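**Student:** entry-v5.txt is reproduced below (compact mmCIF, C-alpha atoms).
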```
# COMPACT_ATOMS: atom_id res chain seq x y z
CA MET A 145 -40.83 27.85 -22.68
CA PRO A 146 -37.55 28.79 -20.93
CA ARG A 147 -37.21 32.33 -19.62
CA LYS A 148 -35.09 34.54 -21.85
CA LEU A 149 -31.92 35.58 -20.02
CA PHE A 150 -31.12 39.24 -19.53
CA SER A 151 -29.30 40.69 -22.53
CA GLY A 152 -26.96 42.79 -20.39
CA PRO A 153 -27.04 45.96 -18.27
CA ASP A 154 -29.30 47.67 -20.81
CA ASP A 155 -32.07 45.09 -20.32
CA ARG A 156 -35.12 47.03 -19.09
CA ARG A 157 -36.34 44.11 -17.00
CA ILE A 158 -33.50 44.78 -14.54
CA LYS A 159 -34.70 47.23 -11.88
CA ARG A 160 -32.48 46.27 -8.95
CA ALA A 161 -28.96 44.82 -8.78
CA LEU A 162 -26.85 43.58 -5.88
CA CYS A 163 -23.08 43.08 -5.88
CA ILE A 164 -21.75 40.69 -3.21
CA VAL A 165 -17.96 40.63 -2.97
CA ALA A 166 -15.19 39.88 -0.52
CA HIS A 167 -13.05 43.03 -0.34
CA PRO A 168 -13.03 46.76 -1.06
CA ASP A 169 -11.91 47.24 -4.71
CA ASP A 170 -13.27 43.85 -5.90
CA ILE A 171 -16.21 45.55 -7.62
CA GLU A 172 -13.96 48.11 -9.27
CA PHE A 173 -11.72 45.35 -10.65
CA PHE A 174 -14.39 43.07 -12.03
CA CYS A 175 -17.73 44.79 -12.71
CA ALA A 176 -17.52 48.56 -12.17
CA GLY A 177 -18.33 49.47 -15.77
CA THR A 178 -21.42 47.28 -15.70
CA VAL A 179 -22.45 48.92 -12.42
CA VAL A 180 -22.15 52.38 -13.99
CA MET A 181 -24.23 51.33 -16.98
CA LEU A 182 -26.94 49.94 -14.70
CA ALA A 183 -26.97 52.95 -12.38
CA ASP A 184 -27.01 55.46 -15.24
CA ARG A 185 -30.33 54.15 -16.46
CA GLY A 186 -31.91 54.23 -13.00
CA VAL A 187 -31.30 50.72 -11.69
CA HIS A 188 -31.00 50.59 -7.90
CA VAL A 189 -27.52 49.14 -7.25
CA ALA A 190 -26.36 48.03 -3.81
CA PHE A 191 -22.99 46.67 -2.64
CA VAL A 192 -22.33 44.10 0.09
CA LEU A 193 -18.72 43.55 1.19
CA ALA A 194 -18.02 40.55 3.37
CA THR A 195 -14.79 42.05 4.75
CA SER A 196 -13.29 45.51 5.03
CA GLY A 197 -9.93 44.40 3.64
CA ASP A 198 -8.23 44.61 7.02
CA LYS A 199 -5.11 42.69 5.89
CA GLY A 200 -4.47 44.19 2.46
CA SER A 201 -1.47 46.41 3.13
CA HIS A 202 2.34 46.22 3.11
CA ASP A 203 2.61 49.39 5.23
CA PRO A 204 4.12 48.43 8.64
CA GLY A 205 2.75 51.66 10.13
CA VAL A 206 -0.92 50.69 9.66
CA ASP A 207 -2.74 48.19 11.84
CA SER A 208 -5.80 46.15 10.84
CA ALA A 209 -8.36 48.44 12.46
CA GLN A 210 -6.91 51.56 10.82
CA LEU A 211 -6.69 49.81 7.46
CA ALA A 212 -10.29 48.63 7.63
CA GLN A 213 -11.54 52.15 8.34
CA MET A 214 -9.45 53.54 5.50
CA ARG A 215 -10.64 50.94 3.01
CA GLU A 216 -14.29 51.40 3.96
CA ARG A 217 -13.97 55.14 3.26
CA GLU A 218 -12.32 54.36 -0.08
CA GLN A 219 -15.08 51.93 -1.02
CA GLU A 220 -17.78 54.44 -0.14
CA ALA A 221 -16.09 57.05 -2.35
CA ALA A 222 -15.82 54.55 -5.20
CA ALA A 223 -19.47 53.58 -4.80
CA ARG A 224 -20.53 57.23 -5.11
CA ALA A 225 -18.46 57.55 -8.28
CA LEU A 226 -20.17 54.48 -9.76
CA GLY A 227 -23.70 55.55 -8.81
CA ALA A 228 -24.41 52.83 -6.25
CA GLU A 229 -27.10 53.71 -3.73
CA ARG A 230 -26.06 51.56 -0.77
CA VAL A 231 -22.88 50.01 0.63
CA GLU A 232 -23.03 47.46 3.44
CA PHE A 233 -19.97 46.06 5.23
CA LEU A 234 -20.34 42.74 7.05
CA ARG A 235 -16.91 43.24 8.68
CA ARG A 236 -15.77 39.63 8.65
CA ARG A 237 -12.01 39.07 8.79
CA ASP A 238 -10.05 39.31 5.57
CA ALA A 239 -8.61 35.98 4.34
CA GLU A 240 -10.67 34.08 6.91
CA LEU A 241 -14.02 33.63 5.15
CA THR A 242 -15.54 30.16 5.37
CA ASP A 243 -18.67 28.54 4.01
CA THR A 244 -20.92 28.38 7.07
CA LEU A 245 -24.67 28.35 7.63
CA GLU A 246 -24.30 31.58 9.62
CA PHE A 247 -22.59 33.38 6.73
CA ARG A 248 -25.15 32.02 4.27
CA GLY A 249 -27.97 33.30 6.46
CA GLU A 250 -26.37 36.74 6.63
CA LEU A 251 -26.26 36.90 2.82
CA VAL A 252 -29.86 35.64 2.62
CA GLY A 253 -30.80 38.67 4.70
CA CYS A 254 -28.90 40.99 2.37
CA ILE A 255 -30.63 39.53 -0.67
CA ARG A 256 -34.08 39.70 0.88
CA ARG A 257 -33.59 43.33 1.92
CA GLN A 258 -32.26 44.46 -1.46
CA MET A 259 -34.55 42.25 -3.62
CA PRO A 260 -32.27 42.16 -6.69
CA ASP A 261 -33.26 41.05 -10.16
CA VAL A 262 -29.61 40.26 -10.81
CA LEU A 263 -26.83 39.27 -8.41
CA LEU A 264 -23.22 40.04 -9.32
CA THR A 265 -20.62 37.95 -7.52
CA PHE A 266 -17.56 35.74 -7.97
CA ASP A 267 -17.50 32.55 -9.99
CA PRO A 268 -16.73 29.91 -7.32
CA LEU A 269 -15.57 27.25 -9.78
CA PRO A 270 -13.32 24.79 -7.88
CA GLY A 271 -9.70 24.60 -8.93
CA TYR A 272 -9.58 28.02 -10.56
CA ARG A 273 -6.78 30.12 -9.06
CA GLN A 274 -8.12 33.10 -7.14
CA HIS A 275 -8.19 34.48 -3.60
CA PRO A 276 -9.85 31.94 -1.26
CA ASP A 277 -12.24 34.63 -0.01
CA HIS A 278 -13.44 35.11 -3.59
CA ARG A 279 -14.34 31.45 -4.00
CA VAL A 280 -16.12 31.36 -0.64
CA VAL A 281 -18.14 34.50 -1.32
CA GLY A 282 -19.21 33.31 -4.75
CA ARG A 283 -20.27 29.90 -3.46
CA VAL A 284 -22.13 31.23 -0.40
CA ALA A 285 -23.79 34.07 -2.34
CA LEU A 286 -25.12 31.67 -4.97
CA ASP A 287 -26.39 29.27 -2.32
CA ALA A 288 -28.00 32.17 -0.49
CA ALA A 289 -29.75 33.37 -3.65
CA TRP A 290 -30.93 29.91 -4.68
CA PRO A 291 -32.69 28.27 -3.08
CA CYS A 292 -32.36 29.83 0.37
CA ALA A 293 -33.56 33.42 -0.13
CA ARG A 294 -36.38 32.10 -2.31
CA ASP A 295 -37.81 29.63 0.20
CA ARG A 296 -39.93 31.16 2.96
CA LEU A 297 -39.17 28.43 5.51
CA THR A 298 -35.42 28.81 5.10
CA TYR A 299 -33.95 31.47 7.42
CA PRO A 300 -37.42 32.91 8.18
CA GLU A 301 -35.84 35.34 10.64
CA GLN A 302 -34.15 37.08 7.67
CA GLY A 303 -37.39 38.49 6.28
CA PRO A 304 -39.84 37.60 3.53
CA PRO A 305 -38.59 35.47 0.63
CA HIS A 306 -37.20 36.87 -2.58
CA GLU A 307 -36.46 35.16 -5.90
CA THR A 308 -33.49 36.55 -7.84
CA ALA A 309 -33.76 35.97 -11.59
CA GLU A 310 -30.07 35.66 -12.46
CA ALA A 311 -26.52 35.68 -11.18
CA TRP A 312 -23.69 37.22 -13.21
CA CYS A 313 -20.49 35.56 -12.01
CA PHE A 314 -17.14 37.20 -12.73
CA ALA A 315 -13.46 36.24 -12.37
CA GLY A 316 -14.04 32.70 -13.65
CA PRO A 317 -12.43 30.81 -16.52
CA ALA A 318 -15.43 30.97 -18.87
CA SER A 319 -18.07 33.53 -19.81
CA ASN A 320 -21.30 33.66 -21.76
CA LEU A 321 -21.94 37.39 -21.34
CA GLU A 322 -19.51 40.13 -22.39
CA VAL A 323 -20.18 43.79 -21.63
CA ASP A 324 -18.31 46.51 -23.50
CA VAL A 325 -17.74 49.30 -20.96
CA SER A 326 -15.61 51.53 -23.21
CA ALA A 327 -18.11 54.39 -22.94
CA VAL A 328 -17.78 54.49 -19.14
CA LEU A 329 -14.16 53.36 -18.84
CA ASP A 330 -12.89 56.66 -17.40
CA ARG A 331 -15.44 56.46 -14.59
CA LYS A 332 -14.48 52.87 -13.89
CA ILE A 333 -10.82 53.88 -13.66
CA GLU A 334 -11.53 56.83 -11.37
CA ALA A 335 -13.56 54.60 -9.06
CA ARG A 336 -10.66 52.15 -8.89
CA LEU A 337 -8.28 55.02 -8.10
CA ALA A 338 -10.47 55.95 -5.12
CA HIS A 339 -8.78 52.96 -3.45
CA GLU A 340 -5.64 54.95 -2.76
CA SER A 341 -4.28 52.48 -0.23
CA GLN A 342 -4.21 49.84 -2.98
CA THR A 343 -2.67 52.00 -5.72
CA ARG A 344 1.07 52.35 -6.13
CA SER A 345 1.07 54.26 -9.43
CA PRO A 346 -2.16 55.92 -10.62
CA ALA A 347 -0.58 56.81 -13.96
CA ALA A 348 0.49 53.23 -14.63
CA LEU A 349 -2.93 51.92 -13.66
CA ARG A 350 -4.63 54.38 -16.02
CA ARG A 351 -2.41 53.29 -18.91
CA ARG A 352 -2.92 49.59 -18.23
CA TRP A 353 -6.68 49.77 -17.74
CA ARG A 354 -7.29 51.93 -20.83
CA SER A 355 -6.00 49.05 -22.92
CA ALA A 356 -7.10 46.05 -20.86
CA ALA A 357 -10.30 46.90 -18.97
CA ARG A 358 -12.79 47.67 -21.74
CA ILE A 359 -14.62 44.33 -21.61
CA GLU A 360 -16.20 42.82 -18.50
CA ARG A 361 -16.98 39.10 -18.67
CA PHE A 362 -19.57 37.12 -16.75
CA HIS A 363 -20.89 33.60 -16.49
CA GLN A 364 -24.62 34.18 -16.62
CA VAL A 365 -26.62 31.77 -14.42
CA ASP A 366 -30.42 31.41 -14.52
CA LEU A 367 -31.72 31.13 -10.93
CA ARG A 368 -35.38 30.51 -11.82
```
Represent the structure of the file as structure tokens.
**Tutor:**
Amino acid sequence: MPRKLFSGPDDRRIKRALCIVAHPDDIEFFCAGTVVMLADRGVHVAFVLATSGDKGSHDPGVDSAQLAQMREREQEAAARALGAERVEFLRRRDAELTDTLEFRGELVGCIRRQMPDVLLTFDPLPGYRQHPDHRVVGRVALDAAWPCARDRLTYPEQGPPHETAEAWCFAGPASNLEVDVSAVLDRKIEARLAHESQTRSPAALRRRWRSAARIERFHQVDLR
């Protein structure tokens, strides 16, 4: 009999969750409400960011190193607001992520250390318009979770194997899981506003998100 998929963030079988994304503020855009709902009921939530967003600025007075430090601080503040317990930065270069065995092994290590029941990451569906780093992270994270992190002879230097039950993929063209985050929307918005370097008008963002950010959508993938 097939395993019953998780019903959503309120599913009591979920004890640990891991978000793997490309840039600071990705989580706040795509799954922050779900993160709050998980954390509020005691789920251990960890974040892994492949880059520190060292190219995401139009300010000519800020160089890449300064920007990366700034955006890491902003992400840490946002993570505290959402209830996440750990934030790890891999510090790869923004807009330069590629699908390599080295990168996959690094994510295998993250998954084995955090031992998630559910992995939240990008939908890597080819041809769908999104940042190239998003597609790469989604593809490499899914490959790292299954089968690599599961199989003890694959990347044995990255620790003992771990089997993740599901992946919830966001920012894709189709979904089979919708999460209503209306009850925690204000916290989601405040976490997004912690990314001050990426916010031109806090008031405009609040207005827009109060009408457009109440539902988070995922493509739910069974990894077992």
**Student:** Between A:Pro268, A:Pro300, A:Pro305, A:Pro260, single out the one closest to His363 of chain A, counting only C-alpha atoms.
**Tutor:**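 Of A:Pro268, A:Pro300, A:Pro305, A:Pro260, the one nearest His363 of chain A is A:Pro268, counting only C-alpha atoms.
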**Student:** Could you check which of A:Ser326, A:Thr244, A:Thr308, A:Thr265 is closest to Ala293 of chain A, using all atoms listed in the file?
**Tutor:**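 The shortest atom-to-atom distance to Ala293 of chain A comes from A:Thr308.
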**Student:** Rank A:Cys313, A:Leu226, A:Ala166, A:Ala285 by their smallest atom-to-atom distance to Asp366 of chain A, using all atoms listed in the file, and report the top residue only.
**Tutor:** A:Cys313
**Student:** Atom CA of Leu297 of chain A and atom CA of Val165 of chain A, how far apart in Å?
**Tutor:** 25.9 Å
**Student:** Could you list as a PDB file with C-alpha atoms, in the coordinates of the input every residue that has an atom within 8 Å of (-20.9, 52.8, 7.1), using the file's coordinates and counting all atoms listed in the file?
**Tutor:**
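What landed in selection35.pdb:
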```pdb
ATOM      1  CA  GLU A 216     -14.290  51.400   3.960  1.00  0.00           C
ATOM      2  CA  VAL A 231     -22.880  50.010   0.630  1.00  0.00           C
ATOM      3  CA  GLU A 232     -23.030  47.460   3.440  1.00  0.00           C
ATOM      4  CA  PHE A 233     -19.970  46.060   5.230  1.00  0.00           C
TER       5      PHE A 233
END
```
**Student:** Which residues come within 10 Å of Arg230 of chain A, counting all atoms listed in the file, excluding same-chain residues fewer than 2 positions away, as a short mmCIF file (atom, residue, chain, number, x, y, z; two decimals) with C-alpha atoms, keeping the file's coordinate frame?
**Tutor:**
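Contents of out.cif, freshly written:
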```cif
data_model
loop_
_atom_site.label_atom_id
_atom_site.label_comp_id
_atom_site.auth_asym_id
_atom_site.auth_seq_id
_atom_site.Cartn_x
_atom_site.Cartn_y
_atom_site.Cartn_z
CA LEU A 162 -26.85 43.58 -5.88
CA HIS A 188 -31.00 50.59 -7.90
CA VAL A 189 -27.52 49.14 -7.25
CA ALA A 190 -26.36 48.03 -3.81
CA PHE A 191 -22.99 46.67 -2.64
CA VAL A 192 -22.33 44.10 0.09
CA GLU A 220 -17.78 54.44 -0.14
CA ALA A 223 -19.47 53.58 -4.80
CA ARG A 224 -20.53 57.23 -5.11
CA GLY A 227 -23.70 55.55 -8.81
CA ALA A 228 -24.41 52.83 -6.25
CA GLU A 232 -23.03 47.46 3.44
CA GLN A 258 -32.26 44.46 -1.46
#
```
**Student:** Counting only C-alpha atoms, which residue out of A:Arg235, A:Arg185, A:Arg336, A:Arg283 sits closest to Ala209 of chain A?
**Tutor:**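 Counting only C-alpha atoms, the residue closest to Ala209 of chain A is A:Arg235.
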**Student:** In Å to one decimal, how far is atom CA of Asp330 of chain A from atom CA of Arg358 of chain A?
**Tutor:** 10.0 Å
**Student:** Here is a test: counting all atoms listed in the file, which residue of A:Val187, A:Val262, A:Arg273, A:Arg215 is nearest to Gln364 of chain A?
**Tutor:** A:Val262
**Student:** Could you please determine the separation between atom CA of Tyr299 of chain A and atom CA of Arg257 of chain A in Å, to one decimal place?
**Tutor:**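 Distance reported for this atom pair: 13.1 Å.
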**Student:** Near His306 of chain A, counting all atoms listed in the file, which residues have an atom at most 7 Å away, once you skip same-chain residues fewer than 5 positions from it, shown as a ChimeraX atom specification?
**Tutor:** /A:256,259,293-294
**Student:** Name the residues in contact with Asp287 of chain A at a cut-off of 9 Å, using all atoms listed in the file, excluding same-chain residues fewer than 5 positions from it; report them as a list of chain:residue names.
**Tutor:**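 Here the qualifying residues turn out to be A:Arg248, A:Val252, A:Gly282, A:Cys292, A:Ala293.
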**Student:** Compare A:Val365, A:Val284, A:Ala357, A:Ile255 by their minimum atom-to-atom distance to Leu321 of chain A, counting all atoms listed in the file, and give me the closest one.
**Tutor:**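 Ranked by minimum distance to Leu321 of chain A, first place goes to A:Val365.
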**Student:** So which residues are close to (-15.7, 29.8, -11.8), meaning at most 10 Å away in the file's coordinates with only C-alpha atoms counted, and can you show them as a PyMOL selection string?
**Tutor:** chain A and resi 266-274+279+282-283+313-319+362-363
